[in-house]
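Visitor: Got a structure for you, questions after.
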Amino acid sequence: MAHYQAIGSIPPKRHTQHRRPGAGSTPGELYYEELMGEEGFSSDSSLLYHRNIPSTTIGAAVWEVPDQSTTPNHPLTPRHLKLHDLFEAEAVPGTDVVTGRRLVLGNGDVRISYAVAGAPSPWYRNGIGDECVYVERGRARVETVFGSFEVGEGDYVVIPRATTHRWIPERSTTDPLRAYCIEANSHIAPPKRYLSKYGQLLEHAPYCERDLRQPAGPLLAEDVGASPDEQTEVYIKHRGNGPGGVVGTIHTLPFHPLDVVGWDGCLYPYVFNVRDFEPITGRIHQPPPVHQVFEGWNFVICNFVPRKVDYHPLAIPVPYYHSNVDSDEIMFYVDGDYEARKGSGIGKGSISVHPGGHPHGPQPGATEGSIGVESFDELAVMVDTFRPLELGEGGLAVDDGLYAMSWSKGAGRPAVPGSPHSEG
Ligand SMILES: [Fe+2]
């Protein structure tokens, strides 16, 4: 994110002395400067000024990460995964967004997990790649070494690789925090085609810098009611020889991780709300890339938001059948009127898995049913991957096992009544 920010106390010149206040003529102790940068000093970076030496650790233990094993989608089958069945209500108060997330789908480039959480997470950093956590429902405070965010429904929380942070859900018995966690093995950023050669979001992009929320800060231990000297555990997800190449370690620090008095640079977490995405529409059907919001290595993230639809006099608002031969297509249905889709089983909280090698599109009757419709009231988040996705234990647990037959008119299962819907 080539969008410079400066927060808190930083020296006028980088890599020069920056000290805490001294006593009389005695200079204060130096802060410890850390450069956090991508691609080996050749891409975006930030400079953080710590009270403590950032390398310090006084203990290391194994963190048994949630099950990362995956099962191939074989025989090849479109699937409907019912995420809202993954967590029993009584389990929510004891579940946190970091250690409680369950793997739904994954490959060598990206993993999609889901958590319904009522408990604060431990301090955490993902050393494998950036995370983009979509808040489906509920509210939380996300505390990071760059500052904090108050997040809620529709927020994408983009957290760079190796950012120490934690999730503190707002306690609610009726509307718990539901987090759709997209973990890259790479970085997650706005699509390159939206950016100027110097990194500014261009006029044709569906959002701009003004729509991105920056960290409030700086955030220090005492700001969250903790002692700066409080011994703390930090859960680190990193590369290793576990399933999916993912393992975990817990480092013990002799101090609180919120010790950054100031930082500046172009690498930091930020939040973008899906309601700030301005849809791009046309006379005839626009292809899914107009819905793209972010990209990582070998995958894209798109969102389908409430919008006016195709206005050619003979337009068909729902998509043509498509073989997107290079991609697996994962649609997460977040909101909107899916009640009319009785029969397909898809509803709020559903995921459809449309794998490469299998053409997909509207269920029977939906094409005719969409003609004359002027707008879609729906909200969905899509991840398209260029390598096949495999099913995690969470995905396998909530596969309805019926979806593959939903295009069969009367064969295998009831036909799906026609209704307008988007790309699924
Ligand atoms: Fe599609």
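All residue names refer to the structure tokens as shown: chains lettered A, B, ... in order, residues numbered from 1 in each chain, ligands numbered from 1 in order.
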Please, which residues in chain A fall within 10 Å of ligand 1 when counting only C-alpha atoms and all ligand atoms, and what is the closest atom pair and distance in Å to one decimal for each, ordered by chain then residue number, as JSON lines?
Guide:
```
{"residue": "A:Pro287", "atom": "CA", "partner": "ligand 1", "partner_atom_place_in_ligand_line": "1 (Fe)", "distance": 9.3}
{"residue": "A:Pro288", "atom": "CA", "partner": "ligand 1", "partner_atom_place_in_ligand_line": "1 (Fe)", "distance": 7.8}
{"residue": "A:Pro319", "atom": "CA", "partner": "ligand 1", "partner_atom_place_in_ligand_line": "1 (Fe)", "distance": 7.9}
{"residue": "A:Tyr320", "atom": "CA", "partner": "ligand 1", "partner_atom_place_in_ligand_line": "1 (Fe)", "distance": 8.9}
{"residue": "A:Tyr321", "atom": "CA", "partner": "ligand 1", "partner_atom_place_in_ligand_line": "1 (Fe)", "distance": 7.8}
{"residue": "A:His322", "atom": "CA", "partner": "ligand 1", "partner_atom_place_in_ligand_line": "1 (Fe)", "distance": 6.4}
{"residue": "A:Ser323", "atom": "CA", "partner": "ligand 1", "partner_atom_place_in_ligand_line": "1 (Fe)", "distance": 7.9}
{"residue": "A:Asn324", "atom": "CA", "partner": "ligand 1", "partner_atom_place_in_ligand_line": "1 (Fe)", "distance": 7.2}
{"residue": "A:Ser327", "atom": "CA", "partner": "ligand 1", "partner_atom_place_in_ligand_line": "1 (Fe)", "distance": 9.5}
{"residue": "A:Asp328", "atom": "CA", "partner": "ligand 1", "partner_atom_place_in_ligand_line": "1 (Fe)", "distance": 8.9}
{"residue": "A:Glu329", "atom": "CA", "partner": "ligand 1", "partner_atom_place_in_ligand_line": "1 (Fe)", "distance": 6.3}
{"residue": "A:Ile330", "atom": "CA", "partner": "ligand 1", "partner_atom_place_in_ligand_line": "1 (Fe)", "distance": 8.5}
{"residue": "A:Met331", "atom": "CA", "partner": "ligand 1", "partner_atom_place_in_ligand_line": "1 (Fe)", "distance": 8.4}
{"residue": "A:Ser352", "atom": "CA", "partner": "ligand 1", "partner_atom_place_in_ligand_line": "1 (Fe)", "distance": 9.7}
{"residue": "A:Val353", "atom": "CA", "partner": "ligand 1", "partner_atom_place_in_ligand_line": "1 (Fe)", "distance": 9.5}
{"residue": "A:His354", "atom": "CA", "partner": "ligand 1", "partner_atom_place_in_ligand_line": "1 (Fe)", "distance": 7.0}
{"residue": "A:Pro355", "atom": "CA", "partner": "ligand 1", "partner_atom_place_in_ligand_line": "1 (Fe)", "distance": 9.4}
{"residue": "A:Gly356", "atom": "CA", "partner": "ligand 1", "partner_atom_place_in_ligand_line": "1 (Fe)", "distance": 9.9}
{"residue": "A:Pro359", "atom": "CA", "partner": "ligand 1", "partner_atom_place_in_ligand_line": "1 (Fe)", "distance": 8.4}
{"residue": "A:His360", "atom": "CA", "partner": "ligand 1", "partner_atom_place_in_ligand_line": "1 (Fe)", "distance": 6.3}
{"residue": "A:Gly361", "atom": "CA", "partner": "ligand 1", "partner_atom_place_in_ligand_line": "1 (Fe)", "distance": 6.1}
{"residue": "A:Pro362", "atom": "CA", "partner": "ligand 1", "partner_atom_place_in_ligand_line": "1 (Fe)", "distance": 9.0}
{"residue": "A:Met382", "atom": "CA", "partner": "ligand 1", "partner_atom_place_in_ligand_line": "1 (Fe)", "distance": 9.3}
{"residue": "A:Asp384", "atom": "CA", "partner": "ligand 1", "partner_atom_place_in_ligand_line": "1 (Fe)", "distance": 9.1}
{"residue": "A:Ser422", "atom": "CA", "partner": "ligand 1", "partner_atom_place_in_ligand_line": "1 (Fe)", "distance": 8.5}
{"residue": "A:Glu423", "atom": "CA", "partner": "ligand 1", "partner_atom_place_in_ligand_line": "1 (Fe)", "distance": 4.8}
{"residue": "A:Gly424", "atom": "CA", "partner": "ligand 1", "partner_atom_place_in_ligand_line": "1 (Fe)", "distance": 5.2}
```
Visitor: Could you write those residues out with C-alpha atoms, as a compact mmCIF listing (two decimals), in the first residue's frame?
Guide:
```txt
# COMPACT_ATOMS: atom_id res chain seq x y z
CA PRO A 287 -17.55 -10.10 -16.01
CA PRO A 288 -16.43 -10.85 -12.46
CA PRO A 319 -24.49 -14.61 -15.90
CA TYR A 320 -24.11 -16.93 -18.81
CA TYR A 321 -22.85 -20.41 -17.99
CA HIS A 322 -19.14 -20.24 -17.72
CA SER A 323 -16.14 -22.49 -17.68
CA ASN A 324 -13.57 -20.36 -15.98
CA SER A 327 -9.89 -21.15 -11.60
CA ASP A 328 -11.74 -22.62 -8.70
CA GLU A 329 -14.48 -20.18 -7.71
CA ILE A 330 -15.56 -19.84 -4.10
CA MET A 331 -18.60 -17.69 -3.36
CA SER A 352 -20.53 -22.53 -3.16
CA VAL A 353 -17.48 -24.27 -4.58
CA HIS A 354 -17.38 -24.21 -8.36
CA PRO A 355 -14.22 -26.01 -9.38
CA GLY A 356 -12.28 -25.54 -12.59
CA PRO A 359 -19.05 -25.30 -16.20
CA HIS A 360 -21.42 -23.51 -13.85
CA GLY A 361 -24.04 -20.78 -13.84
CA PRO A 362 -27.62 -20.13 -12.82
CA MET A 382 -15.71 -14.45 -3.81
CA ASP A 384 -11.00 -17.31 -7.18
CA SER A 422 -25.30 -13.16 -9.25
CA GLU A 423 -22.29 -15.10 -10.40
CA GLY A 424 -22.71 -18.18 -8.24
```
Visitor: List every residue of range 127-239 of chain A that has an atom at most 12 Å from any atom of range 9-13 of chain A, giving for each one its closest atom pair and the distance in Å to one decimal, counting only C-alpha atoms, sorted by chain and then by ascending residue number, as a tab-separated table.
Guide:
```
residue	atom	partner	partner_atom	distance
A:Gly217	CA	A:Ser9	CA	10.3
A:Pro218	CA	A:Ser9	CA	8.3
A:Leu219	CA	A:Ser9	CA	11.5
```
Visitor: Pick out the residues sitting within 9 Å of range 133-148 of chain A, and hand them over as a ChimeraX atom specification; count only C-alpha atoms, and ignore anything fewer than 6 positions along from it in its own chain.
Guide: /A:7,48,123,154-159,163-172,174-183,214-220,257-260,262-263,268-269,334-335,349,381
Visitor: May I have the selected residues written with N, CA and C atoms, as a compact mmCIF listing (two decimals), in the first residue's frame?
Guide:
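Output contents, as saved in part-v1.txt:
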```
# COMPACT_ATOMS: atom_id res chain seq x y z
N ILE A 7 2.47 8.01 12.38
CA ILE A 7 1.65 8.02 13.59
C ILE A 7 2.58 8.01 14.81
N LEU A 48 9.31 1.20 12.72
CA LEU A 48 8.61 1.22 14.00
C LEU A 48 9.63 1.50 15.11
N TRP A 123 -2.20 -12.91 21.57
CA TRP A 123 -1.40 -12.13 20.63
C TRP A 123 -0.91 -13.08 19.54
N GLY A 154 -19.09 -6.28 7.49
CA GLY A 154 -18.70 -5.84 6.16
C GLY A 154 -17.27 -5.34 6.06
N ASP A 155 -16.54 -5.35 7.16
CA ASP A 155 -15.15 -4.87 7.11
C ASP A 155 -14.20 -5.97 6.62
N TYR A 156 -13.33 -5.59 5.67
CA TYR A 156 -12.17 -6.39 5.36
C TYR A 156 -11.02 -5.84 6.21
N VAL A 157 -10.44 -6.67 7.03
CA VAL A 157 -9.31 -6.26 7.85
C VAL A 157 -8.06 -6.88 7.22
N VAL A 158 -7.23 -6.03 6.62
CA VAL A 158 -6.05 -6.52 5.89
C VAL A 158 -4.83 -6.33 6.78
N ILE A 159 -4.20 -7.43 7.14
CA ILE A 159 -3.12 -7.41 8.12
C ILE A 159 -1.85 -7.96 7.48
N THR A 163 2.59 -9.04 11.36
CA THR A 163 2.09 -7.98 12.23
C THR A 163 1.55 -8.60 13.52
N THR A 164 2.10 -8.22 14.64
CA THR A 164 1.60 -8.73 15.92
C THR A 164 0.28 -8.03 16.25
N HIS A 165 -0.72 -8.85 16.53
CA HIS A 165 -2.05 -8.27 16.79
C HIS A 165 -2.91 -9.26 17.56
N ARG A 166 -4.07 -8.81 17.98
CA ARG A 166 -5.05 -9.72 18.61
C ARG A 166 -6.46 -9.21 18.32
N TRP A 167 -7.40 -10.14 18.43
CA TRP A 167 -8.82 -9.85 18.18
C TRP A 167 -9.58 -9.93 19.50
N ILE A 168 -10.36 -8.88 19.81
CA ILE A 168 -11.18 -8.87 21.02
C ILE A 168 -12.63 -8.65 20.61
N PRO A 169 -13.40 -9.73 20.54
CA PRO A 169 -14.80 -9.57 20.10
C PRO A 169 -15.63 -8.82 21.13
N GLU A 170 -16.59 -8.06 20.64
CA GLU A 170 -17.59 -7.48 21.52
C GLU A 170 -18.51 -8.61 21.94
N ARG A 171 -18.75 -8.70 23.23
CA ARG A 171 -19.57 -9.83 23.70
C ARG A 171 -21.03 -9.63 23.28
N SER A 172 -21.57 -10.64 22.64
CA SER A 172 -22.96 -10.58 22.21
C SER A 172 -23.50 -12.00 22.12
N THR A 174 -26.45 -12.53 20.79
CA THR A 174 -27.33 -12.59 19.61
C THR A 174 -26.58 -12.38 18.31
N ASP A 175 -25.45 -11.70 18.36
CA ASP A 175 -24.75 -11.35 17.13
C ASP A 175 -23.24 -11.53 17.33
N PRO A 176 -22.78 -12.77 17.49
CA PRO A 176 -21.36 -12.97 17.77
C PRO A 176 -20.51 -12.62 16.55
N LEU A 177 -19.22 -12.47 16.81
CA LEU A 177 -18.29 -12.16 15.74
C LEU A 177 -18.14 -13.37 14.82
N ARG A 178 -18.42 -13.15 13.54
CA ARG A 178 -18.25 -14.19 12.52
C ARG A 178 -17.16 -13.72 11.57
N ALA A 179 -16.07 -14.45 11.53
CA ALA A 179 -14.89 -14.01 10.78
C ALA A 179 -14.56 -15.03 9.68
N TYR A 180 -14.48 -14.51 8.47
CA TYR A 180 -14.13 -15.31 7.29
C TYR A 180 -12.68 -14.96 6.99
N CYS A 181 -11.80 -15.88 7.26
CA CYS A 181 -10.37 -15.58 7.30
C CYS A 181 -9.66 -16.08 6.04
N ILE A 182 -9.14 -15.16 5.26
CA ILE A 182 -8.43 -15.50 4.03
C ILE A 182 -6.93 -15.30 4.32
N GLU A 183 -6.22 -16.40 4.39
CA GLU A 183 -4.79 -16.35 4.71
C GLU A 183 -4.00 -16.63 3.44
N GLN A 214 -7.30 3.82 8.56
CA GLN A 214 -5.94 3.61 9.06
C GLN A 214 -5.99 3.30 10.55
N PRO A 215 -4.89 2.76 11.09
CA PRO A 215 -4.88 2.50 12.53
C PRO A 215 -4.94 3.81 13.32
N ALA A 216 -5.73 3.78 14.39
CA ALA A 216 -5.66 4.89 15.35
C ALA A 216 -4.48 4.57 16.26
N GLY A 217 -3.74 5.54 16.63
CA GLY A 217 -2.61 5.17 17.47
C GLY A 217 -1.72 6.33 17.77
N PRO A 218 -0.57 6.08 18.37
CA PRO A 218 -0.02 4.76 18.67
C PRO A 218 -0.79 4.08 19.81
N LEU A 219 -0.57 2.79 19.96
CA LEU A 219 -1.26 2.02 20.98
C LEU A 219 -0.22 1.38 21.87
N LEU A 220 -0.25 1.74 23.14
CA LEU A 220 0.75 1.23 24.08
C LEU A 220 0.07 0.40 25.16
N PRO A 257 3.67 -6.61 24.10
CA PRO A 257 4.02 -6.32 22.69
C PRO A 257 3.60 -4.93 22.21
N LEU A 258 2.69 -4.29 22.93
CA LEU A 258 2.30 -2.92 22.52
C LEU A 258 3.33 -1.95 23.10
N ASP A 259 4.44 -1.82 22.39
CA ASP A 259 5.54 -0.96 22.88
C ASP A 259 6.04 -0.02 21.79
N VAL A 260 5.23 0.20 20.72
CA VAL A 260 5.64 1.05 19.60
C VAL A 260 5.14 2.48 19.86
N GLY A 262 5.78 5.07 17.95
CA GLY A 262 5.47 5.75 16.70
C GLY A 262 5.99 4.94 15.53
N TRP A 263 5.44 5.21 14.36
CA TRP A 263 5.89 4.52 13.15
C TRP A 263 5.55 5.37 11.94
N TYR A 268 1.28 -1.30 6.59
CA TYR A 268 0.52 -1.25 7.85
C TYR A 268 -0.82 -1.94 7.60
N PRO A 269 -1.49 -2.33 8.66
CA PRO A 269 -2.84 -2.89 8.48
C PRO A 269 -3.83 -1.78 8.15
N VAL A 334 -23.18 -13.66 1.87
CA VAL A 334 -23.18 -12.97 3.15
C VAL A 334 -24.56 -12.41 3.48
N ASP A 335 -25.19 -11.79 2.48
CA ASP A 335 -26.44 -11.10 2.78
C ASP A 335 -27.26 -10.97 1.52
N GLY A 349 -24.59 -17.37 4.76
CA GLY A 349 -23.62 -18.24 5.43
C GLY A 349 -23.19 -19.42 4.59
N VAL A 381 -18.92 -12.50 -1.08
CA VAL A 381 -17.47 -12.36 -1.20
C VAL A 381 -16.96 -13.59 -1.93
```
Visitor: Env of His312 in chain A: 9 Å cut, atoms = only C-alpha atoms, seq-sep filter 6 positions within chain, self excluded. Answer as a ChimeraX atom specification.
Guide: /A:282-284
Visitor: Find the residue from A:Ser55, A:Leu30, A:His256, A:Trp63 that sits nearest to Gly225 in chain A; use only C-alpha atoms when measuring.
Guide: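 Of A:Ser55, A:Leu30, A:His256, A:Trp63, the one nearest Gly225 in chain A is A:His256, counting only C-alpha atoms.
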Visitor: Compile a residue-level contact table for range 362-409 of chain A against range 69-91 of chain A at a cut-off of 9 Å, reporting for every qualifying residue the shortest atom pair and its distance in Å to one decimal, with only C-alpha atoms counted, rows ordered by chain and ascending number, as JSON lines.
Guide:
```
{"residue": "A:Pro388", "atom": "CA", "partner": "A:Asn73", "partner_atom": "CA", "distance": 8.3}
{"residue": "A:Leu389", "atom": "CA", "partner": "A:Asn73", "partner_atom": "CA", "distance": 7.4}
{"residue": "A:Glu390", "atom": "CA", "partner": "A:Pro72", "partner_atom": "CA", "distance": 4.6}
{"residue": "A:Leu391", "atom": "CA", "partner": "A:Thr71", "partner_atom": "CA", "distance": 5.0}
{"residue": "A:Gly392", "atom": "CA", "partner": "A:Thr70", "partner_atom": "CA", "distance": 4.5}
{"residue": "A:Glu393", "atom": "CA", "partner": "A:Thr70", "partner_atom": "CA", "distance": 6.9}
{"residue": "A:Gly394", "atom": "CA", "partner": "A:Leu86", "partner_atom": "CA", "distance": 6.8}
{"residue": "A:Gly395", "atom": "CA", "partner": "A:Leu81", "partner_atom": "CA", "distance": 6.2}
{"residue": "A:Leu396", "atom": "CA", "partner": "A:Leu81", "partner_atom": "CA", "distance": 7.9}
{"residue": "A:Ala397", "atom": "CA", "partner": "A:Leu86", "partner_atom": "CA", "distance": 7.4}
{"residue": "A:Val398", "atom": "CA", "partner": "A:Leu81", "partner_atom": "CA", "distance": 5.2}
{"residue": "A:Asp399", "atom": "CA", "partner": "A:Leu81", "partner_atom": "CA", "distance": 4.4}
{"residue": "A:Asp400", "atom": "CA", "partner": "A:His80", "partner_atom": "CA", "distance": 5.7}
{"residue": "A:Gly401", "atom": "CA", "partner": "A:Arg79", "partner_atom": "CA", "distance": 6.9}
{"residue": "A:Leu402", "atom": "CA", "partner": "A:His80", "partner_atom": "CA", "distance": 7.6}
{"residue": "A:Tyr403", "atom": "CA", "partner": "A:Arg79", "partner_atom": "CA", "distance": 5.4}
{"residue": "A:Ala404", "atom": "CA", "partner": "A:Pro78", "partner_atom": "CA", "distance": 5.1}
{"residue": "A:Met405", "atom": "CA", "partner": "A:Pro78", "partner_atom": "CA", "distance": 8.9}
```
Visitor: Using DSSP on the backbone coordinates, identify all residues within range 338-394 of chain A classified as strand (DSSP E); present the result as a VMD selection string.
Guide: chain A and resid 350 to 354 375 to 376 378 to 385 390 to 392
Visitor: Rounded to one decimal place, report the CA of Pro279 in chain A-CA of Asn107 in chain A distance in Å.
Guide: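 Interatomic distance here is 29.2 Å.
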Visitor: Out of A:Leu202, A:Ile301, A:Val274, A:Leu195, which residue has the shortest atom-to-atom distance to Glu153 in chain A when counting only C-alpha atoms?
Guide: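 So, comparing all the options, the nearest one is A:Val274.
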